[in-house]
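Q: Structure file entry28.cif (mmCIF, C-alpha atoms) right here:
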```cif
data_target
loop_
_atom_site.group_PDB
_atom_site.id
_atom_site.type_symbol
_atom_site.label_atom_id
_atom_site.label_comp_id
_atom_site.auth_asym_id
_atom_site.auth_seq_id
_atom_site.Cartn_x
_atom_site.Cartn_y
_atom_site.Cartn_z
ATOM 1 C CA MET A 78 -10.811 -21.736 -57.295
ATOM 2 C CA ALA A 79 -13.349 -19.015 -56.508
ATOM 3 C CA SER A 80 -11.618 -15.667 -56.715
ATOM 4 C CA SER A 81 -13.227 -14.604 -53.441
ATOM 5 C CA MET A 82 -11.386 -17.293 -51.470
ATOM 6 C CA ARG A 83 -8.405 -15.723 -49.723
ATOM 7 C CA SER A 84 -5.861 -16.740 -47.139
ATOM 8 C CA LEU A 85 -6.868 -16.406 -43.492
ATOM 9 C CA PHE A 86 -3.525 -14.725 -42.774
ATOM 10 C CA SER A 87 -4.624 -11.706 -44.835
ATOM 11 C CA ASP A 88 -7.092 -10.763 -42.064
ATOM 12 C CA HIS A 89 -5.135 -10.640 -38.823
ATOM 13 C CA SER A 90 -8.026 -10.087 -36.408
ATOM 14 C CA ARG A 91 -10.076 -12.917 -37.944
ATOM 15 C CA TYR A 92 -7.036 -15.201 -37.815
ATOM 16 C CA VAL A 93 -6.531 -14.395 -34.117
ATOM 17 C CA GLU A 94 -10.209 -15.068 -33.367
ATOM 18 C CA SER A 95 -10.251 -18.354 -35.328
ATOM 19 C CA PHE A 96 -7.111 -19.472 -33.480
ATOM 20 C CA ARG A 97 -8.807 -18.625 -30.167
ATOM 21 C CA ARG A 98 -11.820 -20.764 -31.171
ATOM 22 C CA PHE A 99 -9.445 -23.598 -32.085
ATOM 23 C CA LEU A 100 -7.884 -23.477 -28.589
ATOM 24 C CA ASN A 101 -11.322 -23.314 -26.936
ATOM 25 C CA ASN A 102 -12.622 -26.288 -28.922
ATOM 26 C CA SER A 103 -9.529 -28.492 -28.807
ATOM 27 C CA THR A 104 -7.452 -30.330 -26.221
ATOM 28 C CA GLU A 105 -4.256 -28.700 -27.598
ATOM 29 C CA HIS A 106 -3.374 -27.021 -24.303
ATOM 30 C CA GLN A 107 -4.236 -30.075 -22.186
ATOM 31 C CA CYS A 108 -2.070 -32.201 -24.484
ATOM 32 C CA MET A 109 0.823 -29.743 -24.142
ATOM 33 C CA GLN A 110 0.293 -29.701 -20.359
ATOM 34 C CA GLU A 111 0.452 -33.490 -20.151
ATOM 35 C CA PHE A 112 3.770 -33.467 -22.001
ATOM 36 C CA LEU A 113 5.223 -30.685 -19.817
ATOM 37 C CA ASP A 114 4.159 -32.458 -16.614
ATOM 38 C CA LYS A 115 5.040 -36.044 -17.514
ATOM 39 C CA LYS A 116 7.849 -35.985 -20.083
ATOM 40 C CA LEU A 117 9.655 -32.647 -19.871
ATOM 41 C CA PRO A 118 11.286 -33.134 -16.423
ATOM 42 C CA GLY A 119 13.132 -36.241 -17.690
ATOM 43 C CA ILE A 120 14.148 -34.482 -20.924
ATOM 44 C CA ILE A 121 15.706 -31.481 -19.153
ATOM 45 C CA ALA A 122 17.203 -33.518 -16.272
ATOM 46 C CA ARG A 123 20.795 -33.003 -17.467
ATOM 47 C CA ILE A 124 20.731 -29.651 -19.316
ATOM 48 C CA GLY A 125 22.013 -27.626 -16.346
ATOM 49 C CA ASP A 126 24.600 -30.072 -14.999
ATOM 50 C CA LYS A 127 27.639 -28.249 -13.557
ATOM 51 C CA LYS A 128 26.485 -24.953 -15.081
ATOM 52 C CA SER A 129 26.545 -21.603 -13.301
ATOM 53 C CA GLU A 130 23.767 -20.327 -15.605
ATOM 54 C CA ILE A 131 21.204 -22.087 -17.824
ATOM 55 C CA LYS A 132 20.634 -20.487 -21.212
ATOM 56 C CA ILE A 133 17.229 -20.998 -22.823
ATOM 57 C CA LEU A 134 16.168 -19.808 -26.270
ATOM 58 C CA SER A 135 12.472 -19.637 -27.150
ATOM 59 C CA ILE A 136 11.772 -19.443 -30.895
ATOM 60 C CA GLY A 137 8.257 -18.132 -31.569
ATOM 61 C CA GLY A 138 7.474 -17.825 -27.851
ATOM 62 C CA GLY A 139 4.169 -16.022 -28.473
ATOM 63 C CA ALA A 140 2.601 -14.559 -25.332
ATOM 64 C CA GLY A 141 4.749 -16.730 -23.056
ATOM 65 C CA GLU A 142 2.174 -19.039 -21.416
ATOM 66 C CA ILE A 143 4.036 -22.218 -22.375
ATOM 67 C CA ASP A 144 7.460 -20.562 -21.938
ATOM 68 C CA LEU A 145 6.803 -19.760 -18.280
ATOM 69 C CA GLN A 146 5.692 -23.330 -17.614
ATOM 70 C CA ILE A 147 8.898 -24.627 -19.188
ATOM 71 C CA LEU A 148 10.932 -22.194 -17.063
ATOM 72 C CA SER A 149 9.165 -23.367 -13.928
ATOM 73 C CA LYS A 150 10.085 -27.009 -14.745
ATOM 74 C CA VAL A 151 13.731 -25.968 -15.258
ATOM 75 C CA GLN A 152 13.665 -24.137 -11.893
ATOM 76 C CA ASP A 153 12.268 -27.262 -10.198
ATOM 77 C CA GLN A 154 15.086 -29.328 -11.690
ATOM 78 C CA PHE A 155 17.890 -26.843 -10.918
ATOM 79 C CA PRO A 156 16.767 -24.810 -7.872
ATOM 80 C CA GLY A 157 18.487 -21.454 -7.490
ATOM 81 C CA VAL A 158 20.537 -21.687 -10.708
ATOM 82 C CA PRO A 159 20.246 -18.393 -12.677
ATOM 83 C CA ILE A 160 18.408 -18.707 -16.005
ATOM 84 C CA ASN A 161 18.925 -16.514 -19.041
ATOM 85 C CA ASN A 162 15.750 -16.739 -21.195
ATOM 86 C CA GLU A 163 15.823 -15.117 -24.626
ATOM 87 C CA VAL A 164 12.729 -14.942 -26.803
ATOM 88 C CA VAL A 165 12.572 -14.594 -30.586
ATOM 89 C CA GLU A 166 9.045 -13.515 -31.586
ATOM 90 C CA PRO A 167 8.036 -11.462 -34.661
ATOM 91 C CA SER A 168 4.775 -10.061 -33.222
ATOM 92 C CA ALA A 169 5.054 -6.876 -31.139
ATOM 93 C CA GLU A 170 1.564 -7.571 -29.794
ATOM 94 C CA GLN A 171 2.617 -11.014 -28.497
ATOM 95 C CA ILE A 172 5.817 -9.624 -26.949
ATOM 96 C CA ALA A 173 3.772 -6.964 -25.105
ATOM 97 C CA LYS A 174 1.471 -9.703 -23.737
ATOM 98 C CA TYR A 175 4.497 -11.820 -22.762
ATOM 99 C CA LYS A 176 6.015 -8.887 -20.819
ATOM 100 C CA GLU A 177 2.687 -8.300 -19.034
ATOM 101 C CA PHE A 178 2.501 -11.984 -18.174
ATOM 102 C CA VAL A 179 6.033 -11.895 -16.715
ATOM 103 C CA ALA A 180 5.192 -8.768 -14.690
ATOM 104 C CA LYS A 181 2.171 -10.544 -13.150
ATOM 105 C CA SER A 182 3.983 -13.824 -12.414
ATOM 106 C CA SER A 183 5.855 -14.709 -9.249
ATOM 107 C CA ASN A 184 8.932 -16.880 -8.637
ATOM 108 C CA LEU A 185 10.888 -15.445 -11.566
ATOM 109 C CA GLU A 186 13.610 -13.827 -9.428
ATOM 110 C CA ASN A 187 16.464 -15.888 -10.849
ATOM 111 C CA ILE A 188 15.382 -15.468 -14.502
ATOM 112 C CA LYS A 189 16.688 -12.777 -16.817
ATOM 113 C CA PHE A 190 14.454 -12.099 -19.852
ATOM 114 C CA ALA A 191 15.328 -10.580 -23.229
ATOM 115 C CA TRP A 192 13.010 -10.251 -26.235
ATOM 116 C CA HIS A 193 13.962 -9.929 -29.902
ATOM 117 C CA LYS A 194 11.215 -8.774 -32.270
ATOM 118 C CA GLU A 195 12.219 -10.875 -35.268
ATOM 119 C CA THR A 196 11.526 -14.110 -37.115
ATOM 120 C CA SER A 197 13.766 -17.136 -36.615
ATOM 121 C CA SER A 198 15.485 -16.488 -39.969
ATOM 122 C CA GLU A 199 16.086 -12.812 -39.079
ATOM 123 C CA TYR A 200 17.585 -13.985 -35.797
ATOM 124 C CA GLN A 201 19.733 -16.511 -37.666
ATOM 125 C CA ASN A 202 21.010 -13.858 -40.120
ATOM 126 C CA ARG A 203 21.772 -11.376 -37.320
ATOM 127 C CA VAL A 204 23.666 -13.933 -35.247
ATOM 128 C CA MET A 205 25.667 -15.119 -38.279
ATOM 129 C CA GLU A 206 26.529 -11.569 -39.355
ATOM 130 C CA ASN A 207 27.641 -10.526 -35.875
ATOM 131 C CA LYS A 208 29.418 -13.852 -35.360
ATOM 132 C CA GLU A 209 27.669 -14.098 -31.962
ATOM 133 C CA LEU A 210 27.379 -17.872 -31.958
ATOM 134 C CA GLN A 211 26.342 -18.250 -28.340
ATOM 135 C CA LYS A 212 25.619 -21.813 -27.152
ATOM 136 C CA TRP A 213 22.282 -22.696 -25.553
ATOM 137 C CA ASP A 214 21.261 -25.379 -23.041
ATOM 138 C CA PHE A 215 17.644 -25.664 -24.193
ATOM 139 C CA ILE A 216 15.973 -24.340 -27.349
ATOM 140 C CA HIS A 217 12.272 -24.762 -28.002
ATOM 141 C CA MET A 218 10.260 -24.242 -31.184
ATOM 142 C CA ILE A 219 6.599 -24.775 -30.374
ATOM 143 C CA GLN A 220 4.109 -24.813 -33.251
ATOM 144 C CA MET A 221 6.275 -22.442 -35.321
ATOM 145 C CA LEU A 222 8.097 -24.427 -38.031
ATOM 146 C CA TYR A 223 5.104 -23.928 -40.382
ATOM 147 C CA TYR A 224 6.201 -20.287 -40.747
ATOM 148 C CA VAL A 225 9.809 -21.033 -41.699
ATOM 149 C CA LYS A 226 10.828 -21.028 -45.379
ATOM 150 C CA ASP A 227 13.937 -23.219 -45.244
ATOM 151 C CA ILE A 228 13.296 -25.772 -42.501
ATOM 152 C CA PRO A 229 16.389 -28.021 -42.966
ATOM 153 C CA ALA A 230 18.707 -24.969 -42.809
ATOM 154 C CA THR A 231 16.879 -23.763 -39.677
ATOM 155 C CA LEU A 232 17.182 -27.165 -37.972
ATOM 156 C CA LYS A 233 20.876 -27.385 -38.848
ATOM 157 C CA PHE A 234 21.562 -23.842 -37.606
ATOM 158 C CA PHE A 235 19.853 -24.221 -34.220
ATOM 159 C CA HIS A 236 21.387 -27.661 -33.719
ATOM 160 C CA SER A 237 24.805 -26.021 -34.157
ATOM 161 C CA LEU A 238 24.005 -23.707 -31.213
ATOM 162 C CA LEU A 239 23.539 -26.515 -28.676
ATOM 163 C CA ALA A 240 25.901 -26.749 -25.707
ATOM 164 C CA PRO A 241 26.983 -30.217 -24.465
ATOM 165 C CA SER A 242 23.977 -32.242 -23.120
ATOM 166 C CA ALA A 243 21.604 -29.548 -24.473
ATOM 167 C CA LYS A 244 18.299 -30.312 -26.235
ATOM 168 C CA ILE A 245 15.899 -28.794 -28.741
ATOM 169 C CA LEU A 246 12.173 -29.365 -28.281
ATOM 170 C CA ILE A 247 10.085 -29.094 -31.465
ATOM 171 C CA VAL A 248 6.298 -29.305 -31.231
ATOM 172 C CA LEU A 249 4.050 -29.558 -34.282
ATOM 173 C CA VAL A 250 1.124 -31.555 -35.640
ATOM 174 C CA SER A 251 1.742 -35.265 -35.963
ATOM 175 C CA GLY A 252 2.035 -37.100 -39.263
ATOM 176 C CA THR A 253 -0.701 -39.375 -37.873
ATOM 177 C CA SER A 254 -3.099 -36.436 -37.342
ATOM 178 C CA ALA A 255 -6.006 -35.536 -39.613
ATOM 179 C CA TRP A 256 -4.148 -32.325 -40.580
ATOM 180 C CA ASP A 257 -1.781 -34.446 -42.652
ATOM 181 C CA LYS A 258 -4.669 -36.034 -44.587
ATOM 182 C CA LEU A 259 -6.511 -32.724 -44.984
ATOM 183 C CA TRP A 260 -3.455 -30.896 -46.346
ATOM 184 C CA ARG A 261 -2.422 -33.697 -48.699
ATOM 185 C CA LYS A 262 -5.868 -34.036 -50.185
ATOM 186 C CA TYR A 263 -7.036 -30.414 -50.318
ATOM 187 C CA GLY A 264 -3.927 -28.232 -49.970
ATOM 188 C CA SER A 265 -3.695 -27.526 -53.705
ATOM 189 C CA ARG A 266 -7.351 -26.403 -53.822
ATOM 190 C CA LEU A 267 -7.121 -23.936 -50.942
ATOM 191 C CA PRO A 268 -5.666 -20.414 -51.179
ATOM 192 C CA ARG A 269 -1.970 -20.710 -50.395
ATOM 193 C CA ASP A 270 0.002 -18.127 -48.527
ATOM 194 C CA ASP A 271 3.778 -17.684 -48.486
ATOM 195 C CA LEU A 272 3.551 -17.304 -44.747
ATOM 196 C CA CYS A 273 2.651 -20.875 -43.960
ATOM 197 C CA GLN A 274 3.727 -24.367 -45.034
ATOM 198 C CA TYR A 275 1.821 -27.615 -44.679
ATOM 199 C CA ILE A 276 4.297 -29.698 -42.662
ATOM 200 C CA THR A 277 3.964 -32.394 -40.026
ATOM 201 C CA SER A 278 6.309 -34.311 -37.737
ATOM 202 C CA THR A 279 6.859 -36.893 -40.511
ATOM 203 C CA ASP A 280 8.454 -34.216 -42.731
ATOM 204 C CA VAL A 281 10.610 -32.902 -39.880
ATOM 205 C CA THR A 282 11.882 -36.328 -38.757
ATOM 206 C CA GLN A 283 12.797 -37.130 -42.391
ATOM 207 C CA MET A 284 14.783 -33.870 -42.540
ATOM 208 C CA LEU A 285 16.549 -34.702 -39.258
ATOM 209 C CA ASP A 286 17.392 -38.187 -40.586
ATOM 210 C CA LYS A 287 18.923 -36.628 -43.699
ATOM 211 C CA LEU A 288 20.957 -34.228 -41.550
ATOM 212 C CA GLU A 289 22.021 -37.217 -39.389
ATOM 213 C CA ILE A 290 20.797 -35.442 -36.271
ATOM 214 C CA LYS A 291 19.711 -37.650 -33.357
ATOM 215 C CA TYR A 292 16.213 -37.203 -31.938
ATOM 216 C CA GLU A 293 13.340 -38.922 -30.156
ATOM 217 C CA CYS A 294 9.708 -38.379 -31.109
ATOM 218 C CA TYR A 295 6.681 -38.668 -28.793
ATOM 219 C CA ASP A 296 3.097 -38.504 -30.087
ATOM 220 C CA LEU A 297 0.183 -37.442 -27.896
ATOM 221 C CA LEU A 298 -3.463 -37.637 -28.897
ATOM 222 C CA SER A 299 -5.328 -34.349 -29.092
ATOM 223 C CA THR A 300 -8.731 -33.637 -30.605
ATOM 224 C CA MET A 301 -10.730 -30.638 -31.803
ATOM 225 C CA ASP A 302 -14.516 -30.614 -31.494
ATOM 226 C CA ILE A 303 -15.703 -29.611 -34.988
ATOM 227 C CA SER A 304 -19.418 -30.432 -34.478
ATOM 228 C CA ASP A 305 -20.393 -26.763 -35.042
ATOM 229 C CA CYS A 306 -18.845 -26.910 -38.531
ATOM 230 C CA PHE A 307 -21.826 -28.966 -39.669
ATOM 231 C CA ILE A 308 -24.416 -26.402 -38.534
ATOM 232 C CA ASP A 309 -25.085 -23.832 -41.263
ATOM 233 C CA GLY A 310 -24.483 -20.247 -40.224
ATOM 234 C CA ASN A 311 -23.025 -21.195 -36.824
ATOM 235 C CA GLU A 312 -20.477 -18.496 -35.921
ATOM 236 C CA ASN A 313 -18.197 -20.816 -33.961
ATOM 237 C CA GLY A 314 -18.376 -23.369 -36.788
ATOM 238 C CA ASP A 315 -17.556 -20.725 -39.399
ATOM 239 C CA LEU A 316 -14.454 -19.620 -37.479
ATOM 240 C CA LEU A 317 -13.337 -23.246 -37.048
ATOM 241 C CA TRP A 318 -13.783 -23.747 -40.815
ATOM 242 C CA ASP A 319 -11.452 -20.798 -41.351
ATOM 243 C CA PHE A 320 -8.894 -22.344 -39.031
ATOM 244 C CA LEU A 321 -9.144 -25.809 -40.623
ATOM 245 C CA THR A 322 -8.728 -24.495 -44.171
ATOM 246 C CA GLU A 323 -6.573 -21.397 -43.427
ATOM 247 C CA THR A 324 -9.121 -19.554 -45.559
ATOM 248 C CA CYS A 325 -10.929 -16.340 -44.639
ATOM 249 C CA ASN A 326 -14.739 -16.876 -44.497
ATOM 250 C CA PHE A 327 -14.372 -20.338 -46.054
ATOM 251 C CA SER A 328 -17.951 -21.268 -45.242
ATOM 252 C CA THR A 329 -19.400 -18.480 -47.378
ATOM 253 C CA THR A 330 -16.758 -18.118 -50.122
ATOM 254 C CA ALA A 331 -15.718 -21.712 -50.916
ATOM 255 C CA PRO A 332 -17.019 -23.380 -54.100
ATOM 256 C CA PRO A 333 -19.992 -25.508 -52.919
ATOM 257 C CA ASP A 334 -18.563 -28.751 -54.352
ATOM 258 C CA LEU A 335 -15.260 -28.259 -52.474
ATOM 259 C CA LYS A 336 -17.054 -27.542 -49.212
ATOM 260 C CA ALA A 337 -19.392 -30.544 -49.652
ATOM 261 C CA GLU A 338 -16.417 -32.825 -50.272
ATOM 262 C CA ILE A 339 -14.563 -31.640 -47.160
ATOM 263 C CA VAL A 340 -17.751 -31.808 -45.045
ATOM 264 C CA LYS A 341 -18.113 -35.464 -46.029
ATOM 265 C CA ASP A 342 -14.419 -36.283 -45.414
ATOM 266 C CA LEU A 343 -14.232 -34.602 -42.021
ATOM 267 C CA GLN A 344 -16.799 -37.065 -40.717
ATOM 268 C CA GLU A 345 -14.862 -40.102 -41.964
ATOM 269 C CA PRO A 346 -12.917 -42.220 -39.427
ATOM 270 C CA GLN A 347 -9.488 -41.315 -40.864
ATOM 271 C CA PHE A 348 -10.207 -37.645 -40.001
ATOM 272 C CA SER A 349 -12.418 -37.720 -36.903
ATOM 273 C CA VAL A 350 -14.095 -39.915 -34.315
ATOM 274 C CA LYS A 351 -17.730 -39.545 -33.313
ATOM 275 C CA LYS A 352 -18.260 -39.583 -29.567
ATOM 276 C CA ASP A 353 -21.229 -38.545 -27.395
ATOM 277 C CA GLY A 354 -22.839 -36.867 -30.389
ATOM 278 C CA LYS A 355 -19.687 -34.834 -31.143
ATOM 279 C CA VAL A 356 -17.356 -34.963 -34.124
ATOM 280 C CA LEU A 357 -13.739 -34.897 -32.844
ATOM 281 C CA PHE A 358 -11.054 -34.080 -35.419
ATOM 282 C CA ASN A 359 -7.678 -35.794 -34.848
ATOM 283 C CA ASN A 360 -5.358 -32.933 -33.798
ATOM 284 C CA SER A 361 -2.551 -35.180 -32.452
ATOM 285 C CA LEU A 362 0.741 -33.492 -31.633
ATOM 286 C CA SER A 363 4.337 -34.654 -31.946
ATOM 287 C CA PHE A 364 7.045 -33.634 -29.507
ATOM 288 C CA ILE A 365 10.452 -34.066 -31.135
ATOM 289 C CA VAL A 366 13.426 -33.915 -28.778
ATOM 290 C CA VAL A 367 16.690 -33.241 -30.609
ATOM 291 C CA GLU A 368 19.989 -34.213 -28.976
ATOM 292 C CA ALA A 369 23.180 -32.130 -29.072
#
```
Could you spell out this file's structure in structure tokens?

A:
Amino acid sequence: MASSMRSLFSDHSRYVESFRRFLNNSTEHQCMQEFLDKKLPGIIARIGDKKSEIKILSIGGGAGEIDLQILSKVQDQFPGVPINNEVVEPSAEQIAKYKEFVAKSSNLENIKFAWHKETSSEYQNRVMENKELQKWDFIHMIQMLYYVKDIPATLKFFHSLLAPSAKILIVLVSGTSAWDKLWRKYGSRLPRDDLCQYITSTDVTQMLDKLEIKYECYDLLSTMDISDCFIDGNENGDLLWDFLTETCNFSTTAPPDLKAEIVKDLQEPQFSVKKDGKVLFNNSLSFIVVEA
């Protein structure tokens, strides 16, 4: 491996920008929206039954865009019932954005917010030490399990915090997506970082099976337009390369043979479809709903 190849996570501002390009070039948010609009109301239909307050725990809530949509669906389902929404998020920057977002939003009168600047495992340790095993009606972990070291222990812990008829929603890339193929084939040749694991819904459902935890899994198709990746020196393409490989400046630092191999693969049908002159990478998502 070329010594100049380094993990994308070592350059925070470049990581943030490459993630932004990913969102701009993919249907990730539309896919999430479709799930929230069509599936979520049925999933949360019973979580607040006969409850004087609904307790929601957001693990890795980021800047809160998805969180507030989830809260609005819960409000629609249980009008006027007070909601206690706690957020576990390690980035101070994201928490600040979340608070701003809440300040600018309306219809949040019956929601109480609390933020904890910590990772899910720090939260877990704190709760265990203080013996504060509060039960929750809905816990969601959206696109965050990649950053957890011991996933089975995390799943088991949060499952133990569910109140009767409560649910956990886990969102991550599908085992049928091209991410799975990319990571399996090239993961060992890309700079690894302790911060992130290559896992898909297939790994998580196998862990849940082993733990004998009941769940349902829904897959929704999402794509990312990677056409710019095949144009040399294209800035958008270079940032998408970084996101795809989790490597800083992959386009300019990767060994040429490695890059050529991935360029060829990304255009193959098991990775992408070609449509209207675009190359669309399979970014399908899985929505795993865990039962109490």

Q: Decode the PyMOL selection byres ((chain A and resi 225) around 8) for the given file into explicit residues and return them as a list of chain:residue names.

A: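 Written out, the selection comes to A:Ser197, A:Ser198, A:Met221, A:Leu222, A:Tyr223, A:Tyr224, A:Lys226, A:Asp227, A:Ile228, A:Thr231, A:Leu272, A:Cys273, A:Gln274.
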
Q: Which residue out of A:Asn162, A:Asn359, A:Gln146, A:Asn101 has the minimum interatomic distance to A:Asp114 when only C-alpha atoms are used?

A: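 Smallest distance to A:Asp114 is found for A:Gln146.
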
Q: Would you list the residues near (11.7, -13.1, -36.7), meaning any protein, DNA or RNA residue with an atom at most 8 Å from that point in file coordinates, counting all atoms listed in the file, as a VMD selection string?

A: chain A and resid 137 165 to 167 193 to 200

Q: Would you work out the distance separating atom CA of A:Leu321 from atom CA of A:Leu232, expressed in Å to one decimal?

A: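 Interatomic distance, atom CA of A:Leu321 to atom CA of A:Leu232: 26.5 Å.
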
Q: Suppose a student applies the PyMOL selection byres ((chain A and resi 106) around 12) to this structure; what residues should they get, written as a list in words?

A: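 This file, filtered by the PyMOL selection byres ((chain A and resi 106) around 12), leaves Arg97, Phe99, Leu100, Asn101, Asn102, Ser103, Thr104, Glu105, Gln107, Cys108, Met109, Gln110, Glu111, Phe112, Leu113, Glu142, Ile143, Gln146, Ile219, Gln220, Leu297, Leu298, Ser299, Thr300, Met301, Asn360, Ser361 and Leu362 of chain A.
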
Q: Do you know which residues lie at most 12 Å from (-13.9, -26.9, -53.7), with coordinates as in the file and all atoms listed in the file counted, and could you write them as a list of chain:residue names?

A: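 Using all atoms listed in the file, the matching residues come out as A:Met78, A:Ala79, A:Ser80, A:Met82, A:Lys262, A:Tyr263, A:Gly264, A:Ser265, A:Arg266, A:Leu267, A:Pro268, A:Thr322, A:Thr324, A:Phe327, A:Ser328, A:Thr329, A:Thr330, A:Ala331, A:Pro332, A:Pro333, A:Asp334, A:Leu335, A:Lys336, A:Ala337, A:Glu338, A:Ile339, A:Val340.
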
Q: Which one of A:Asp305, A:Asp153, A:Glu177, A:Glu345 sits closest to A:Ala140 if you count all atoms listed in the file?

A: A:Glu177

Q: Hey, which of A:Ser237, A:Asn161, A:Thr253, A:Thr279 ends up closest to A:Phe190? Count only C-alpha atoms.

A: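 Nearest candidate to A:Phe190 out of A:Ser237, A:Asn161, A:Thr253, A:Thr279: A:Asn161.
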
Q: For the provided coordinates, the residues matched by the PyMOL selection byres ((chain A and resi 121) around 8) should be stated as a list in words.

A: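 Going through the file, the PyMOL selection byres ((chain A and resi 121) around 8) ends up selecting Leu117, Pro118, Gly119, Ile120, Ala122, Arg123, Ile124, Gly125, Val151, Gln154, Phe215 and Lys244 of chain A.
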
Q: Could you check how far atom CA of A:Ala240 sits from atom CA of A:Ala369, in Å to one decimal?

A: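 Those two atoms sit 6.9 Å apart.
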
Q: Kindly indicate which residue among A:Lys150, A:Thr282, A:Gly141, A:Lys233 lies nearest to A:Val164, using only C-alpha atoms for the distances.

A: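 Checking each candidate against A:Val164, we get A:Gly141 as the closest.
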
Q: Please identify all polymer residues within 12 Å of A:Gln283, counting all atoms listed in the file, omitting same-chain residues fewer than 5 positions from it, and present them as a ChimeraX atom specification.

A: /A:228-229,232,252,276-278,288-292,294,365

Q: Take every atom of stretch 236-247 of chain A listed in the file, fit an axis-aligned box around them, add 6 Å per side, and give the centre and edge lengths in Å to one decimal as JSON.

A:
```
{"center_x": 18.5, "center_y": -28.0, "center_z": -28.6, "size_x": 28.9, "size_y": 20.5, "size_z": 23.0}
```

Q: Looking at A:Val366, A:Leu259, A:Leu316, A:Leu357, which one is nearest to A:Asp342, with distances taken over all atoms listed in the file?

A: A:Leu259

Q: For A:His89, list every protein, DNA or RNA residue within 12 Å, evaluated using only C-alpha atoms, and leave out those in the same chain fewer than 6 positions away; present the list as a count of residues only.

A: 7

Q: Measuring between all atoms listed in the file, which one of A:Leu317, A:Leu185, A:Cys306, A:Leu148 shows the shortest distance to A:Val93?

A: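 Going through A:Leu317, A:Leu185, A:Cys306, A:Leu148 one by one, the smallest distance to A:Val93 is for A:Leu317.
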